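Input: a single structure, listed below in structure tokens.
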Amino acid sequence: MQDLSAAELFGAAQGLSNAGQAPRAAALYRDWLDQHPGDPLAHAVLFNYGVLLSGLDDLAGAANAFAEAIRRNATFLPPFINLGVVYERLGAIAPALSHWAQVTGTLAQVSGDSLGYKITALKHIARLLEASRLHAEAEAHLRQIIELAPATRDVVQHWISLRQRQCCW
């Protein structure tokens with residue numbers, strides 16, 4: 001295992017997961033990280049490890065992996081989104097919103113992948129605000145998505161529905 005590159009690790013772990021051996025894939029990630037603590041792609045490995053742990057319902061382990069990925073590379077945004085989801089699953093609404101807000105606030109200039117990250121974070125925030133009956137705040141976040149990507153039909157429909165529930169004609 002010491003001679004596996006990060007790319008080879010991702011392939012091997014995905015193969016194990018696809019074969020129904022997710023716990024072995026998690027062990028592979030953990031062992032690789034122990035053997036390669038300073039690897040420049042460790043943040044991406046930690047992210048994938050966190051995704052796998054989250055899928056195994058090891059939310060504490062997933063949160064730790066995402067937090068470590070963020071610590072190692074704070075410009076890599078996917079762990080912020082996923083850590084927010086983990087916090088939401090744990091019932092910790094404020095930290096979930098905070099991590100998603102970190103993504104939306106970080107992206108002053110939106111292009112390429114960062115647009116997708118920002119939209120994803122805004123959708124999570126809007127969904128959680130709506131579930132908390134903070135409809136006006138949820139509407140404002142959906143509006144931001146519409147301004148960024150007007151062709152997002154599902155968001156436009158959701159925004160209209162939310163306005164109707166508030167009697168905002």
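Just remember, in the structure tokens the first chain shown is A, the second B, etc., residues are 1-based per chain, and ligands are 1-based in the order shown.
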Interface rows for stretch 25-77 of chain A against stretch 85-90 of chain A: nearest pair, Å to one decimal, 10 Å, only C-alpha atoms, as JSON lines:
```
{"residue": "A:Gly50", "atom": "CA", "partner": "A:Val86", "partner_atom": "CA", "distance": 9.7}
{"residue": "A:Val51", "atom": "CA", "partner": "A:Val86", "partner_atom": "CA", "distance": 9.8}
{"residue": "A:Ser54", "atom": "CA", "partner": "A:Val86", "partner_atom": "CA", "distance": 7.3}
{"residue": "A:Asp57", "atom": "CA", "partner": "A:Val86", "partner_atom": "CA", "distance": 9.5}
{"residue": "A:Asp58", "atom": "CA", "partner": "A:Val86", "partner_atom": "CA", "distance": 9.6}
{"residue": "A:Leu59", "atom": "CA", "partner": "A:Val86", "partner_atom": "CA", "distance": 6.2}
{"residue": "A:Ala60", "atom": "CA", "partner": "A:Val86", "partner_atom": "CA", "distance": 8.4}
{"residue": "A:Ala62", "atom": "CA", "partner": "A:Val86", "partner_atom": "CA", "distance": 7.4}
{"residue": "A:Ala63", "atom": "CA", "partner": "A:Val86", "partner_atom": "CA", "distance": 6.5}
{"residue": "A:Phe66", "atom": "CA", "partner": "A:Val86", "partner_atom": "CA", "distance": 9.4}
```
Take the residues from that selection and write them out as a CSV table (one decimal), in the first residue's frame, keeping N, CA and C atoms.
```csv
chain,number,residue,atom,x,y,z
A,50,GLY,N,-14.0,10.9,4.4
A,50,GLY,CA,-15.2,11.4,5.2
A,50,GLY,C,-16.5,11.1,4.5
A,51,VAL,N,-16.5,11.1,3.2
A,51,VAL,CA,-17.7,10.8,2.4
A,51,VAL,C,-18.1,9.3,2.7
A,54,SER,N,-19.3,8.9,6.2
A,54,SER,CA,-20.7,9.4,6.3
A,54,SER,C,-21.7,8.4,5.8
A,57,ASP,N,-22.6,5.8,8.2
A,57,ASP,CA,-23.2,6.4,9.4
A,57,ASP,C,-22.2,6.6,10.5
A,58,ASP,N,-20.9,6.7,10.2
A,58,ASP,CA,-19.9,7.1,11.3
A,58,ASP,C,-19.8,8.6,11.2
A,59,LEU,N,-20.8,9.3,11.7
A,59,LEU,CA,-20.8,10.8,11.5
A,59,LEU,C,-19.7,11.5,12.3
A,60,ALA,N,-19.3,11.0,13.4
A,60,ALA,CA,-18.2,11.6,14.2
A,60,ALA,C,-16.9,11.4,13.4
A,62,ALA,N,-16.7,11.0,10.1
A,62,ALA,CA,-16.8,11.8,8.9
A,62,ALA,C,-16.5,13.3,9.3
A,63,ALA,N,-17.1,13.7,10.4
A,63,ALA,CA,-16.8,15.1,10.8
A,63,ALA,C,-15.3,15.4,11.0
A,66,PHE,N,-13.6,15.5,7.5
A,66,PHE,CA,-13.8,16.7,6.8
A,66,PHE,C,-13.1,17.9,7.5
```
Can you tell me how far atom CA of A:Ala131 sits from atom CA of A:Ile93, in Å to one decimal?
-> 10.8 Å
Stretch 73-81 of chain A environment, 8 Å, only C-alpha atoms, sequence neighbours closer than 5 positions dropped, as a PyMOL selection string = chain A and resi 43+47+66-67+99-100+102-103+117+120-121
Expected file contents, prior selection, N, CA, C and O atoms, as a short mmCIF file (atom, residue, chain, number, x, y, z; two decimals), in the first residue's frame:
```
data_model
loop_
_atom_site.label_atom_id
_atom_site.label_comp_id
_atom_site.auth_asym_id
_atom_site.auth_seq_id
_atom_site.Cartn_x
_atom_site.Cartn_y
_atom_site.Cartn_z
N HIS A 43 -5.59 16.14 1.71
CA HIS A 43 -6.89 16.79 1.94
C HIS A 43 -7.99 16.13 1.09
O HIS A 43 -9.10 15.94 1.55
N PHE A 47 -11.16 13.97 2.39
CA PHE A 47 -12.53 14.25 1.93
C PHE A 47 -13.22 12.95 1.51
O PHE A 47 -14.34 12.67 1.95
N PHE A 66 -13.56 15.48 7.54
CA PHE A 66 -13.83 16.72 6.82
C PHE A 66 -13.11 17.90 7.48
O PHE A 66 -12.54 18.74 6.78
N ALA A 67 -13.14 17.95 8.80
CA ALA A 67 -12.46 19.04 9.51
C ALA A 67 -10.96 19.02 9.25
O ALA A 67 -10.33 20.08 9.05
N HIS A 99 -20.98 26.41 8.07
CA HIS A 99 -20.08 25.81 7.07
C HIS A 99 -20.55 26.11 5.64
O HIS A 99 -19.73 26.38 4.77
N TRP A 100 -21.85 26.07 5.42
CA TRP A 100 -22.35 26.40 4.09
C TRP A 100 -22.15 27.88 3.80
O TRP A 100 -21.80 28.26 2.67
N GLN A 102 -19.76 29.63 4.88
CA GLN A 102 -18.33 29.79 4.59
C GLN A 102 -18.08 29.61 3.09
O GLN A 102 -17.31 30.35 2.50
N VAL A 103 -18.75 28.64 2.50
CA VAL A 103 -18.60 28.40 1.06
C VAL A 103 -19.15 29.59 0.28
O VAL A 103 -18.48 30.10 -0.63
N TYR A 117 -20.33 24.72 -6.32
CA TYR A 117 -20.21 24.67 -4.87
C TYR A 117 -21.10 25.71 -4.21
O TYR A 117 -21.77 25.45 -3.21
N THR A 120 -24.75 24.68 -4.52
CA THR A 120 -25.02 23.57 -3.60
C THR A 120 -25.16 24.08 -2.17
O THR A 120 -26.10 23.72 -1.45
N ALA A 121 -24.24 24.93 -1.74
CA ALA A 121 -24.30 25.47 -0.39
C ALA A 121 -25.56 26.31 -0.19
O ALA A 121 -26.23 26.19 0.85
#
```
So which residues touch stretch 6-16 of chain A within 9 Å, counting only C-alpha atoms, skipping near sequence neighbours fewer than 5 positions away, as a PyMOL selection string?
-> chain A and resi 1+21-26+28-29+32+39+41-42+44-45+48
Closest pair table for stretch 106-132 of chain A residues within 12 Å of stretch 160-165 of chain A, only C-alpha atoms, as a tab-separated table:
```
residue	atom	partner	partner_atom	distance
A:Ala126	CA	A:Leu162	CA	10.4
A:Arg127	CA	A:Leu162	CA	10.8
A:Leu129	CA	A:Leu162	CA	11.5
A:Glu130	CA	A:Leu162	CA	8.5
A:Ala131	CA	A:Leu162	CA	11.5
```
Limited to N, CA and C atoms, could you put the picked residues into a file as a tab-separated table (two decimals), in the first residue's frame?
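So the final result, stored in part-v1.tsv, reads:
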```
chain	number	residue	atom	x	y	z
A	126	ALA	N	-30.97	27.17	2.09
A	126	ALA	CA	-32.39	27.45	1.86
A	126	ALA	C	-33.27	26.32	2.36
A	127	ARG	N	-32.85	25.09	2.10
A	127	ARG	CA	-33.64	23.93	2.54
A	127	ARG	C	-33.75	23.90	4.05
A	129	LEU	N	-33.29	26.43	6.19
A	129	LEU	CA	-34.05	27.58	6.67
A	129	LEU	C	-35.55	27.35	6.47
A	130	GLU	N	-35.92	26.79	5.34
A	130	GLU	CA	-37.33	26.50	5.09
A	130	GLU	C	-37.86	25.49	6.10
A	131	ALA	N	-37.08	24.46	6.37
A	131	ALA	CA	-37.49	23.45	7.35
A	131	ALA	C	-37.64	24.05	8.75
```
What are the DSSP helix (DSSP H, G or I) residues of stretch 19-77 of chain A, as a ChimeraX atom specification?
-> /A:22-35,42-55,59-72
If you take only C-alpha atoms and a cut-off of 12 Å, which residues of stretch 125-145 of chain A touch stretch 150-158 of chain A, and what are their nearest atom pairs and distances in Å to one decimal, in chain and number order, as CSV?
```
residue,atom,partner,partner_atom,distance
A:Ala126,CA,A:His158,CA,10.1
A:Arg127,CA,A:His158,CA,10.0
A:Glu130,CA,A:His158,CA,10.7
A:His135,CA,A:His158,CA,11.4
A:Ala138,CA,A:His158,CA,10.2
A:Glu139,CA,A:His158,CA,8.8
A:Ala140,CA,A:Val155,CA,11.8
A:His141,CA,A:Val155,CA,10.2
A:Leu142,CA,A:Val155,CA,6.5
A:Arg143,CA,A:Val156,CA,8.2
A:Gln144,CA,A:Pro150,CA,9.6
A:Ile145,CA,A:Val155,CA,7.4
```
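The coordinates place atom CA of A:Leu46 at 5.4 Å from atom CA of A:Ala69.
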